[in-house]
>>> print(open('entry.cif').read())   # mmCIF, C-alpha atoms and all ligand atoms
data_start
#
loop_
_atom_site.label_atom_id
_atom_site.label_comp_id
_atom_site.auth_asym_id
_atom_site.auth_seq_id
_atom_site.Cartn_x
_atom_site.Cartn_y
_atom_site.Cartn_z
CA MET A 7 106.24 46.19 28.39
CA THR A 8 105.14 49.10 30.57
CA PRO A 9 105.45 48.79 34.37
CA ASP A 10 101.67 49.04 34.51
CA SER A 11 101.22 46.03 32.21
CA PHE A 12 103.82 44.06 34.18
CA ASN A 13 102.12 44.82 37.49
CA PHE A 14 98.73 43.89 36.08
CA LEU A 15 99.94 40.53 34.66
CA ALA A 16 101.99 39.70 37.77
CA GLY A 17 98.98 40.56 39.96
CA LEU A 18 96.76 38.20 37.95
CA VAL A 19 99.30 35.37 38.19
CA LYS A 20 99.67 35.82 41.94
CA ALA A 21 95.91 35.95 42.54
CA ARG A 22 95.29 32.81 40.46
CA SER A 23 98.26 30.66 41.50
CA GLY A 24 100.19 32.24 44.38
CA ILE A 25 103.24 32.47 42.10
CA VAL A 26 105.12 35.72 42.72
CA LEU A 27 106.78 37.37 39.73
CA THR A 28 109.26 39.96 40.92
CA ALA A 29 110.05 42.99 38.75
CA ASP A 30 113.17 41.26 37.32
CA LYS A 31 110.98 38.53 35.76
CA GLY A 32 109.93 40.59 32.73
CA TYR A 33 112.20 38.40 30.55
CA MET A 34 110.39 35.32 31.83
CA LEU A 35 107.05 36.70 30.69
CA GLU A 36 108.58 37.46 27.27
CA THR A 37 110.01 33.96 26.79
CA ARG A 38 107.21 31.89 28.33
CA LEU A 39 104.34 33.81 26.73
CA GLY A 40 105.88 34.26 23.27
CA ALA A 41 104.01 31.32 21.73
CA LEU A 42 100.68 32.44 23.20
CA LEU A 43 101.19 35.98 21.84
CA ARG A 44 102.02 34.68 18.36
CA ARG A 45 99.04 32.33 18.29
CA GLU A 46 96.66 35.09 19.38
CA GLY A 47 98.21 37.54 16.91
CA MET A 48 99.19 39.95 19.67
CA PRO A 49 102.24 42.13 19.11
CA SER A 50 103.30 42.55 22.75
CA LEU A 51 102.71 41.83 26.41
CA ASP A 52 101.03 45.23 26.65
CA ALA A 53 98.47 43.99 24.11
CA LEU A 54 97.99 40.84 26.21
CA ALA A 55 97.45 42.92 29.35
CA LEU A 56 94.85 44.99 27.51
CA ARG A 57 93.05 41.84 26.31
CA LEU A 58 93.09 40.29 29.78
CA ARG A 59 91.51 43.41 31.27
CA GLY A 60 88.50 42.87 29.03
CA ALA A 61 85.49 40.59 29.38
CA GLY A 62 85.64 36.87 28.57
CA ALA A 63 89.36 36.60 29.25
CA GLU A 64 89.19 33.69 31.72
CA PRO A 65 90.43 30.92 29.38
CA LEU A 66 93.37 33.07 28.26
CA ILE A 67 94.21 33.99 31.86
CA ALA A 68 94.26 30.30 32.80
CA GLU A 69 96.52 29.58 29.83
CA MET A 70 98.88 32.40 30.79
CA VAL A 71 99.12 31.16 34.39
CA GLU A 72 99.81 27.62 33.21
CA ALA A 73 102.55 28.87 30.88
CA LEU A 74 104.22 30.56 33.84
CA THR A 75 104.40 27.47 36.05
CA THR A 76 107.79 25.80 36.39
CA ASN A 77 107.31 22.06 36.00
CA GLU A 78 110.77 20.68 36.69
CA SER A 79 110.60 17.25 38.36
CA SER A 80 112.45 13.95 38.50
CA PHE A 81 112.09 10.44 39.91
CA PHE A 82 113.15 10.03 43.56
CA ARG A 83 114.06 13.73 43.64
CA ASP A 84 116.34 14.54 46.58
CA GLY A 85 116.33 10.86 47.66
CA LYS A 86 115.91 11.38 51.40
CA PRO A 87 112.10 11.72 51.59
CA PHE A 88 111.75 8.39 49.84
CA ASP A 89 114.16 6.70 52.27
CA HIS A 90 112.05 8.15 55.07
CA LEU A 91 108.85 6.95 53.40
CA LYS A 92 110.21 3.39 53.27
CA LYS A 93 110.44 3.40 57.07
CA LEU A 94 107.18 5.26 57.58
CA LEU A 95 104.74 3.26 55.43
CA PRO A 96 105.01 -0.07 57.31
CA ARG A 97 104.48 1.80 60.59
CA LEU A 98 101.41 3.61 59.26
CA ALA A 99 100.04 0.39 57.74
CA ALA A 100 100.33 -1.34 61.11
CA ALA A 101 98.54 1.53 62.85
CA ARG A 102 95.51 1.70 60.53
CA ALA A 103 92.21 -0.18 60.86
CA PRO A 104 91.81 -3.25 58.63
CA GLY A 105 90.69 -2.34 55.12
CA GLN A 106 91.61 1.33 55.46
CA PRO A 107 93.84 2.40 52.56
CA LEU A 108 96.92 4.56 53.04
CA ARG A 109 96.33 7.89 51.30
CA ILE A 110 99.28 9.79 49.88
CA TRP A 111 99.04 13.18 48.17
CA SER A 112 101.53 14.57 45.70
CA ALA A 113 100.42 18.21 45.79
CA ALA A 114 101.90 20.09 42.81
CA CYS A 115 102.76 16.78 41.12
CA SER A 116 103.84 18.23 37.76
CA SER A 117 104.44 15.39 35.25
CA GLY A 118 104.02 12.67 37.89
CA GLN A 119 107.55 11.50 38.71
CA GLU A 120 107.04 12.14 42.45
CA ALA A 121 103.76 10.19 42.63
CA TYR A 122 105.17 7.31 40.59
CA SER A 123 108.27 7.22 42.81
CA VAL A 124 105.89 6.81 45.78
CA ALA A 125 104.05 4.05 43.88
CA MET A 126 107.36 2.23 43.31
CA VAL A 127 108.23 2.49 47.01
CA ALA A 128 104.78 1.14 47.94
CA ALA A 129 105.09 -1.72 45.43
CA GLU A 130 108.53 -2.67 46.76
CA LEU A 131 107.19 -2.58 50.33
CA ALA A 132 104.02 -4.58 49.59
CA PRO A 133 105.04 -7.58 51.74
CA LEU A 134 105.47 -5.24 54.73
CA LEU A 135 102.13 -3.49 54.22
CA GLY A 136 100.00 -6.57 54.88
CA GLY A 137 98.04 -6.26 51.64
CA ARG A 138 96.92 -2.73 52.52
CA ARG A 139 95.89 -0.61 49.55
CA VAL A 140 97.90 2.53 48.81
CA GLU A 141 96.06 5.36 47.06
CA ILE A 142 98.14 8.15 45.55
CA LEU A 143 96.53 11.41 44.48
CA GLY A 144 98.50 13.72 42.17
CA THR A 145 97.25 17.29 41.79
CA ASP A 146 98.49 20.37 39.96
CA ILE A 147 97.23 23.53 38.27
CA SER A 148 98.89 22.62 34.99
CA ARG A 149 96.42 20.59 32.95
CA GLU A 150 99.16 19.81 30.44
CA MET A 151 101.33 18.30 33.19
CA LEU A 152 98.38 16.37 34.64
CA ALA A 153 97.69 14.83 31.23
CA ARG A 154 101.34 13.80 30.97
CA ALA A 155 101.29 12.35 34.49
CA GLN A 156 98.16 10.39 33.77
CA ASP A 157 99.71 9.02 30.59
CA GLY A 158 102.69 7.74 32.57
CA LEU A 159 104.94 7.84 29.51
CA PHE A 160 108.46 9.21 30.04
CA THR A 161 111.39 9.99 27.75
CA GLN A 162 114.76 8.33 28.00
CA PHE A 163 116.13 11.58 29.46
CA GLU A 164 113.46 11.63 32.18
CA VAL A 165 113.98 8.02 33.26
CA GLN A 166 117.74 8.57 33.37
CA ARG A 167 117.32 11.25 36.04
CA GLY A 168 117.16 9.65 39.49
CA LEU A 169 115.60 6.32 38.58
CA PRO A 170 117.81 3.29 39.35
CA VAL A 171 118.05 1.11 36.26
CA GLN A 172 116.70 -1.98 38.03
CA MET A 173 113.57 0.02 39.00
CA LEU A 174 113.22 1.13 35.38
CA VAL A 175 113.37 -2.42 34.10
CA LYS A 176 111.02 -3.70 36.79
CA HIS A 177 108.34 -1.00 36.76
CA PHE A 178 108.30 0.35 33.18
CA ARG A 179 107.71 -1.10 29.71
CA GLN A 180 109.61 0.32 26.76
CA GLU A 181 107.49 1.88 23.96
CA GLY A 182 109.76 2.97 21.13
CA THR A 183 112.15 5.50 22.61
CA ARG A 184 109.96 6.06 25.68
CA TRP A 185 109.03 4.22 28.86
CA ARG A 186 105.51 3.57 30.18
CA ILE A 187 104.83 3.02 33.88
CA ALA A 188 103.47 -0.47 34.66
CA PRO A 189 99.64 -0.66 34.82
CA GLU A 190 99.64 -1.96 38.42
CA LEU A 191 101.54 1.15 39.57
CA ARG A 192 99.36 3.45 37.52
CA ALA A 193 96.34 1.82 39.13
CA MET A 194 97.48 3.18 42.51
CA THR A 195 97.31 6.75 41.20
CA ARG A 196 94.57 9.28 40.53
CA TRP A 197 95.11 12.70 38.96
CA GLN A 198 93.10 15.83 39.52
CA TYR A 199 93.29 19.56 38.86
CA PHE A 200 93.66 21.28 42.22
CA ASN A 201 94.89 24.75 43.17
CA LEU A 202 96.71 24.90 46.50
CA LEU A 203 95.10 28.31 47.11
CA ASP A 204 91.68 26.63 47.23
CA ASP A 205 89.99 24.98 50.18
CA LEU A 206 91.85 21.71 50.79
CA ARG A 207 89.22 20.14 53.00
CA GLY A 208 87.28 18.59 50.12
CA LEU A 209 90.27 16.34 49.35
CA GLY A 210 89.92 14.51 52.68
CA ARG A 211 92.64 13.39 55.10
CA PHE A 212 96.00 12.06 54.01
CA ASP A 213 98.54 9.87 55.74
CA VAL A 214 101.39 11.47 53.81
CA VAL A 215 101.64 14.71 51.84
CA PHE A 216 104.41 15.58 49.40
CA CYS A 217 104.32 19.34 48.83
CA ARG A 218 107.74 19.94 47.37
CA ASN A 219 109.26 22.67 45.26
CA VAL A 220 106.11 24.72 44.89
CA LEU A 221 106.07 26.89 48.04
CA ILE A 222 109.31 28.48 46.82
CA TYR A 223 107.24 30.37 44.25
CA PHE A 224 104.86 31.85 46.88
CA ASP A 225 105.24 34.80 49.26
CA ALA A 226 105.35 34.28 53.04
CA PRO A 227 101.63 34.89 53.78
CA THR A 228 100.65 32.40 51.04
CA LYS A 229 103.16 29.82 52.31
CA THR A 230 101.74 30.23 55.82
CA ARG A 231 98.20 29.76 54.60
CA VAL A 232 99.01 26.66 52.53
CA LEU A 233 101.14 25.05 55.25
CA ALA A 234 98.48 25.60 57.92
CA ALA A 235 95.85 24.11 55.60
CA LEU A 236 98.10 21.10 54.86
CA ALA A 237 98.57 20.52 58.59
CA GLY A 238 94.80 20.26 58.89
CA GLN A 239 94.62 17.51 56.25
CA VAL A 240 97.40 15.21 57.46
CA ALA A 241 96.84 12.39 59.96
CA ALA A 242 98.20 12.98 63.47
CA ASP A 243 100.87 10.30 62.92
CA GLY A 244 101.46 11.25 59.27
CA VAL A 245 104.02 13.56 57.69
CA VAL A 246 104.40 16.38 55.20
CA TYR A 247 107.50 16.40 52.99
CA LEU A 248 108.74 19.78 51.76
CA GLY A 249 111.46 20.56 49.23
CA GLY A 250 115.09 21.17 50.17
CA ALA A 251 114.71 24.97 49.95
CA GLU A 252 111.43 25.03 51.89
CA THR A 253 110.65 25.13 55.60
CA VAL A 254 107.86 25.82 58.08
CA LEU A 255 110.13 27.84 60.33
CA GLY A 256 108.87 31.37 60.81
CA LEU A 257 105.70 30.53 58.87
CA THR A 258 103.53 28.22 60.96
CA ASP A 259 103.72 26.23 64.17
CA ARG A 260 101.06 23.77 63.01
CA LEU A 261 103.81 21.64 61.47
CA VAL A 262 107.10 20.88 63.23
CA PRO A 263 110.35 19.45 61.85
CA ALA A 264 110.72 15.71 62.53
CA ALA A 265 113.71 15.18 64.82
CA GLY A 266 116.90 14.42 62.90
CA GLU A 267 115.21 14.48 59.46
CA ARG A 268 115.57 17.13 56.75
CA GLY A 269 112.46 18.12 54.84
CA VAL A 270 110.13 16.01 57.00
CA TYR A 271 107.41 17.74 59.03
CA GLU A 272 104.83 16.40 61.45
CA PRO A 273 101.56 17.95 62.61
CA ALA A 274 102.11 19.69 65.96
CA ARG A 275 100.26 18.24 68.92
CA PRO A 276 97.51 20.77 69.78
CA ALA A 277 99.08 21.65 73.19
CA ALA A 278 102.39 22.55 71.47
CA ARG A 279 100.75 25.18 69.30
CA ALA A 280 100.81 28.83 70.22
CA SER A 281 98.04 29.63 67.70
C1 LIG A 301 108.77 22.52 40.25
S1 LIG A 301 107.28 21.60 40.10
C2 LIG A 301 107.43 20.48 41.47
C3 LIG A 301 107.09 19.06 41.08
C4 LIG A 301 107.33 18.02 42.19
N1 LIG A 301 106.58 18.33 43.38
C5 LIG A 301 108.80 17.90 42.50
O1 LIG A 301 109.23 18.39 43.56
O2 LIG A 301 109.54 17.33 41.70
C6 LIG A 301 106.09 22.82 40.71
C7 LIG A 301 104.65 22.52 40.30
O3 LIG A 301 103.79 23.32 41.10
C8 LIG A 301 102.64 23.60 40.32
N2 LIG A 301 101.92 24.74 40.94
C9 LIG A 301 102.27 26.04 40.95
N3 LIG A 301 101.36 26.76 41.62
C10 LIG A 301 100.42 25.88 42.07
C11 LIG A 301 99.22 26.01 42.81
N4 LIG A 301 98.79 27.20 43.24
N5 LIG A 301 98.50 24.90 43.09
C12 LIG A 301 98.92 23.69 42.65
N6 LIG A 301 100.04 23.50 41.93
C13 LIG A 301 100.78 24.59 41.64
C14 LIG A 301 103.21 23.88 38.95
O4 LIG A 301 102.25 23.76 37.93
C15 LIG A 301 104.34 22.84 38.86
O5 LIG A 301 103.93 21.70 38.15
#
>>> encode(input="entry.cif", output="structure tokens")
Amino acid sequence: MTPDSFNFLAGLVKARSGIVLTADKGYMLETRLGALLRREGMPSLDALALRLRGAGAEPLIAEMVEALTTNESSFFRDGKPFDHLKKLLPRLAAARAPGQPLRIWSAACSSGQEAYSVAMVAAELAPLLGGRRVEILGTDISREMLARAQDGLFTQFEVQRGLPVQMLVKHFRQEGTRWRIAPELRAMTRWQYFNLLDDLRGLGRFDVVFCRNVLIYFDAPTKTRVLAALAGQVAADGVVYLGGAETVLGLTDRLVPAAGERGVYEPARPAARAS
């Protein structure tokens, strides 16, 4: 692939998703886009670049971007945020007006393990939530992952990663070699295509936002923009959870680390903000 083709494809991916492909990621384009090239009868990434420069390329561009997303996920990933959530939800439930649901957003939800982990926590905590409804929204730019999440059907390998066996038995039903999430947990969830580069305000306010292991793919200005927008959508007493390799430090002062907690961020009080 010529440097010009690489720069063109990487520029498209960044503009559409925020994902930065550094010059050493040529191999990644080759491996992840191989199937698409074969199907379209294109001999090389240069041919793909040429096609995507032409008119009517939108569907193929979207497919390319989707193929370049990394969708790794697991149940109760990194543990700690879910321990924190167990303490947080009863407090938020007690602070909300009667009838008001708790809204939780799994931004960049991939195949749904994060959102379903939240649903399991909420189900386990039900007696402490006073009958309050919990609504979980999972969003992603991968339509394939969203379809999988919505299906709620996981392989043996997936349920063996991070999910305690008693939770598996309690909240899933076996279907052949796979495991389906229980309907009452699925009923707490809704799934929607949403790009974190787009205007978040249409999604409404959330009590809790999980935005984990996606900012790592963005450059600093994009991280800043997304974090500031997230801060605007989270309740004043709510939290944003980020991944273990992600932080707000040096990016925005609209979210501040929760004292003594890793990966937990709270909206800054307006007076504490410099900008
Ligand atoms: C590594 S997965 C993280 C899944 C889950 N949050 C977790 O931590 O286990 C990253 C996800 O981010 C999604 N993604 C990448 N860019 C995005 C964007 N601009 N808007 C929304 N989702 C995006 C990818 O499609 C992928 O499913």
>>> closest_atom_pairs(input="entry.cif", of="chain A", to="ligand LIG 301 (chain A)", cutoff="7 Å", atoms="only C-alpha atoms and all ligand atoms", output="tab-separated table")
residue	atom	partner	partner_atom	distance
A:Ser23	CA	A:LIG301	N4	3.9
A:Gly24	CA	A:LIG301	N4	5.4
A:Ile25	CA	A:LIG301	N3	6.0
A:Glu72	CA	A:LIG301	O4	6.6
A:Thr75	CA	A:LIG301	O4	4.7
A:Thr76	CA	A:LIG301	C1	5.2
A:Asn77	CA	A:LIG301	O5	4.0
A:Glu78	CA	A:LIG301	C1	4.5
A:Ser79	CA	A:LIG301	O2	3.5
A:Ser80	CA	A:LIG301	O2	5.5
A:Arg83	CA	A:LIG301	O2	6.1
A:Ser112	CA	A:LIG301	N1	6.7
A:Ala113	CA	A:LIG301	C12	6.5
A:Ala114	CA	A:LIG301	N6	4.0
A:Cys115	CA	A:LIG301	N1	4.7
A:Ser116	CA	A:LIG301	O5	3.5
A:Ser117	CA	A:LIG301	O5	7.0
A:Gln119	CA	A:LIG301	O2	6.8
A:Glu120	CA	A:LIG301	O2	5.8
A:Thr145	CA	A:LIG301	C12	6.7
A:Asp146	CA	A:LIG301	N6	4.0
A:Ile147	CA	A:LIG301	N6	4.6
A:Ser148	CA	A:LIG301	O4	4.6
A:Met151	CA	A:LIG301	O5	6.6
A:Phe200	CA	A:LIG301	C12	5.8
A:Asn201	CA	A:LIG301	N5	3.6
A:Leu202	CA	A:LIG301	N5	3.9
A:Leu203	CA	A:LIG301	N4	5.5
A:Phe216	CA	A:LIG301	N1	7.0
A:Cys217	CA	A:LIG301	N1	6.0
A:Arg218	CA	A:LIG301	O1	4.4
A:Asn219	CA	A:LIG301	O1	4.6
A:Val220	CA	A:LIG301	C6	4.6
A:Gly249	CA	A:LIG301	O1	6.5
>>> atom_distance(input="entry.cif", atom1="CA of Leu39 in chain A", atom2="CA of Ala155 in chain A")
23.0 Å
>>> atom_distance(input="entry.cif", atom1="CA of Phe212 in chain A", atom2="CA of Pro96 in chain A")
15.5 Å
>>> atom_distance(input="entry.cif", atom1="CA of Leu94 in chain A", atom2="CA of Leu131 in chain A")
10.7 Å
>>> closest_residue(input="entry.cif", among="A:Pro273, A:Gly238, A:Pro227, A:Gly32", to="Gly256 in chain A", atoms="all atoms listed in the file")
A:Pro227
>>> residues_around(input="entry.cif", residues="Lys93 in chain A", least_positions_apart="5", cutoff="12 Å", atoms="only C-alpha atoms", output="ChimeraX atom specification")
/A:86-88,98-100,127-128,131,134-135
>>> residues_around(input="entry.cif", residues="Ala55 in chain A", least_positions_apart="3", cutoff="8 Å", atoms="all atoms listed in the file", output="PyMOL selection string")
chain A and resi 11+14-15+51-52+58-59
>>> axis_aligned_box(input="entry.cif", around="range 23-31 of chain A", padding_each_side="5 Å", output="JSON")
{"center_x": 105.7, "center_y": 36.8, "center_z": 40.1, "size_x": 24.9, "size_y": 22.3, "size_z": 18.6}
>>> closest_residue(input="entry.cif", among="A:Gln162, A:Arg184, A:Arg167, A:Val215", to="Ile142 in chain A", atoms="only C-alpha atoms")
A:Val215
>>> closest_residue(input="entry.cif", among="A:Val214, A:Leu108, A:Leu257, A:Ala251", to="Glu272 in chain A", atoms="only C-alpha atoms")
A:Val214
>>> closest_residue(input="entry.cif", among="A:Leu221, A:Leu42, A:Lys92, A:Val262", to="Ala132 in chain A", atoms="all atoms listed in the file")
A:Lys92
>>> residues_around(input="entry.cif", residues="Arg57 in chain A", least_positions_apart="4", cutoff="12 Å", atoms="all atoms listed in the file", output="list in words")
Ser11, Phe14, Leu15, Leu43, Glu46, Gly47, Met48, Pro49, Ser50, Leu51, Asp52, Ala53, Ala61, Gly62, Ala63, Glu64, Pro65, Leu66, Ile67 and Met70 of chain A
>>> closest_residue(input="entry.cif", among="A:Gln156, A:Gln106, A:Thr161, A:Gln198", to="Gly137 in chain A", atoms="all atoms listed in the file")
A:Gln106
>>> residues_around(input="entry.cif", residues="Thr230 in chain A", least_positions_apart="5", cutoff="10 Å", atoms="all atoms listed in the file", output="list of chain:residue names")
A:Leu221, A:Phe224, A:Asp225, A:Ala235, A:Leu236, A:Val254, A:Leu255, A:Gly256, A:Leu257, A:Thr258, A:Asp259, A:Arg260
>>> build_atoms(input="entry.cif", residues="range 243-273 of chain A", atoms="N, CA and C atoms", output="mmCIF file, in the coordinates of the input")
data_model
loop_
_atom_site.group_PDB
_atom_site.id
_atom_site.type_symbol
_atom_site.label_atom_id
_atom_site.label_comp_id
_atom_site.auth_asym_id
_atom_site.auth_seq_id
_atom_site.Cartn_x
_atom_site.Cartn_y
_atom_site.Cartn_z
ATOM 1 N N ASP A 243 99.592 11.019 62.961
ATOM 2 C CA ASP A 243 100.870 10.300 62.920
ATOM 3 C C ASP A 243 101.474 10.304 61.510
ATOM 4 N N GLY A 244 100.948 11.166 60.641
ATOM 5 C CA GLY A 244 101.460 11.250 59.270
ATOM 6 C C GLY A 244 102.543 12.305 59.138
ATOM 7 N N VAL A 245 102.988 12.544 57.911
ATOM 8 C CA VAL A 245 104.020 13.560 57.690
ATOM 9 C C VAL A 245 103.744 14.362 56.424
ATOM 10 N N VAL A 246 104.373 15.543 56.401
ATOM 11 C CA VAL A 246 104.400 16.380 55.200
ATOM 12 C C VAL A 246 105.863 16.499 54.779
ATOM 13 N N TYR A 247 106.145 16.207 53.513
ATOM 14 C CA TYR A 247 107.500 16.400 52.990
ATOM 15 C C TYR A 247 107.531 17.711 52.214
ATOM 16 N N LEU A 248 108.529 18.542 52.523
ATOM 17 C CA LEU A 248 108.740 19.780 51.760
ATOM 18 C C LEU A 248 110.042 19.662 50.975
ATOM 19 N N GLY A 249 110.240 20.575 50.031
ATOM 20 C CA GLY A 249 111.460 20.560 49.230
ATOM 21 C C GLY A 249 112.663 21.053 50.028
ATOM 22 N N GLY A 250 113.843 20.828 49.482
ATOM 23 C CA GLY A 250 115.090 21.170 50.170
ATOM 24 C C GLY A 250 115.214 22.645 50.506
ATOM 25 N N ALA A 251 114.598 23.521 49.712
ATOM 26 C CA ALA A 251 114.710 24.970 49.950
ATOM 27 C C ALA A 251 113.491 25.504 50.695
ATOM 28 N N GLU A 252 112.678 24.601 51.240
ATOM 29 C CA GLU A 252 111.430 25.030 51.890
ATOM 30 C C GLU A 252 111.428 24.638 53.365
ATOM 31 N N THR A 253 110.721 25.406 54.167
ATOM 32 C CA THR A 253 110.650 25.130 55.600
ATOM 33 C C THR A 253 109.336 25.659 56.160
ATOM 34 N N VAL A 254 109.020 25.234 57.387
ATOM 35 C CA VAL A 254 107.860 25.820 58.080
ATOM 36 C C VAL A 254 108.310 26.911 59.043
ATOM 37 N N LEU A 255 109.623 26.951 59.274
ATOM 38 C CA LEU A 255 110.130 27.840 60.330
ATOM 39 C C LEU A 255 109.825 29.295 60.019
ATOM 40 N N GLY A 256 109.247 29.975 60.987
ATOM 41 C CA GLY A 256 108.870 31.370 60.810
ATOM 42 C C GLY A 256 107.569 31.544 60.047
ATOM 43 N N LEU A 257 106.927 30.430 59.665
ATOM 44 C CA LEU A 257 105.700 30.530 58.870
ATOM 45 C C LEU A 257 104.477 29.977 59.595
ATOM 46 N N THR A 258 104.640 28.805 60.225
ATOM 47 C CA THR A 258 103.530 28.220 60.960
ATOM 48 C C THR A 258 104.074 27.332 62.075
ATOM 49 N N ASP A 259 103.324 27.200 63.145
ATOM 50 C CA ASP A 259 103.720 26.230 64.170
ATOM 51 C C ASP A 259 102.762 25.035 64.159
ATOM 52 N N ARG A 260 101.965 24.919 63.113
ATOM 53 C CA ARG A 260 101.060 23.770 63.010
ATOM 54 C C ARG A 260 101.765 22.537 62.463
ATOM 55 N N LEU A 261 102.956 22.759 61.885
ATOM 56 C CA LEU A 261 103.810 21.640 61.470
ATOM 57 C C LEU A 261 105.164 21.844 62.127
ATOM 58 N N VAL A 262 105.781 20.753 62.574
ATOM 59 C CA VAL A 262 107.100 20.880 63.230
ATOM 60 C C VAL A 262 108.085 19.926 62.548
ATOM 61 N N PRO A 263 109.360 20.341 62.490
ATOM 62 C CA PRO A 263 110.350 19.450 61.850
ATOM 63 C C PRO A 263 110.453 18.135 62.613
ATOM 64 N N ALA A 264 110.526 17.014 61.890
ATOM 65 C CA ALA A 264 110.720 15.710 62.530
ATOM 66 C C ALA A 264 112.181 15.655 63.007
ATOM 67 N N ALA A 265 112.377 15.173 64.229
ATOM 68 C CA ALA A 265 113.710 15.180 64.820
ATOM 69 C C ALA A 265 114.699 14.420 63.937
ATOM 70 N N GLY A 266 115.807 15.074 63.625
ATOM 71 C CA GLY A 266 116.900 14.420 62.900
ATOM 72 C C GLY A 266 116.628 14.176 61.422
ATOM 73 N N GLU A 267 115.542 14.724 60.879
ATOM 74 C CA GLU A 267 115.210 14.480 59.460
ATOM 75 C C GLU A 267 115.117 15.816 58.736
ATOM 76 N N ARG A 268 115.696 15.903 57.560
ATOM 77 C CA ARG A 268 115.570 17.130 56.750
ATOM 78 C C ARG A 268 114.371 17.030 55.826
ATOM 79 N N GLY A 269 113.569 18.077 55.789
ATOM 80 C CA GLY A 269 112.460 18.120 54.840
ATOM 81 C C GLY A 269 111.227 17.333 55.262
ATOM 82 N N VAL A 270 111.256 16.812 56.516
ATOM 83 C CA VAL A 270 110.130 16.010 57.000
ATOM 84 C C VAL A 270 109.448 16.769 58.142
ATOM 85 N N TYR A 271 108.146 16.950 58.035
ATOM 86 C CA TYR A 271 107.410 17.740 59.030
ATOM 87 C C TYR A 271 106.206 16.953 59.534
ATOM 88 N N GLU A 272 105.945 17.113 60.827
ATOM 89 C CA GLU A 272 104.830 16.400 61.450
ATOM 90 C C GLU A 272 103.820 17.407 61.977
ATOM 91 N N PRO A 273 102.534 17.026 62.016
ATOM 92 C CA PRO A 273 101.560 17.950 62.610
ATOM 93 C C PRO A 273 101.890 18.151 64.083
#
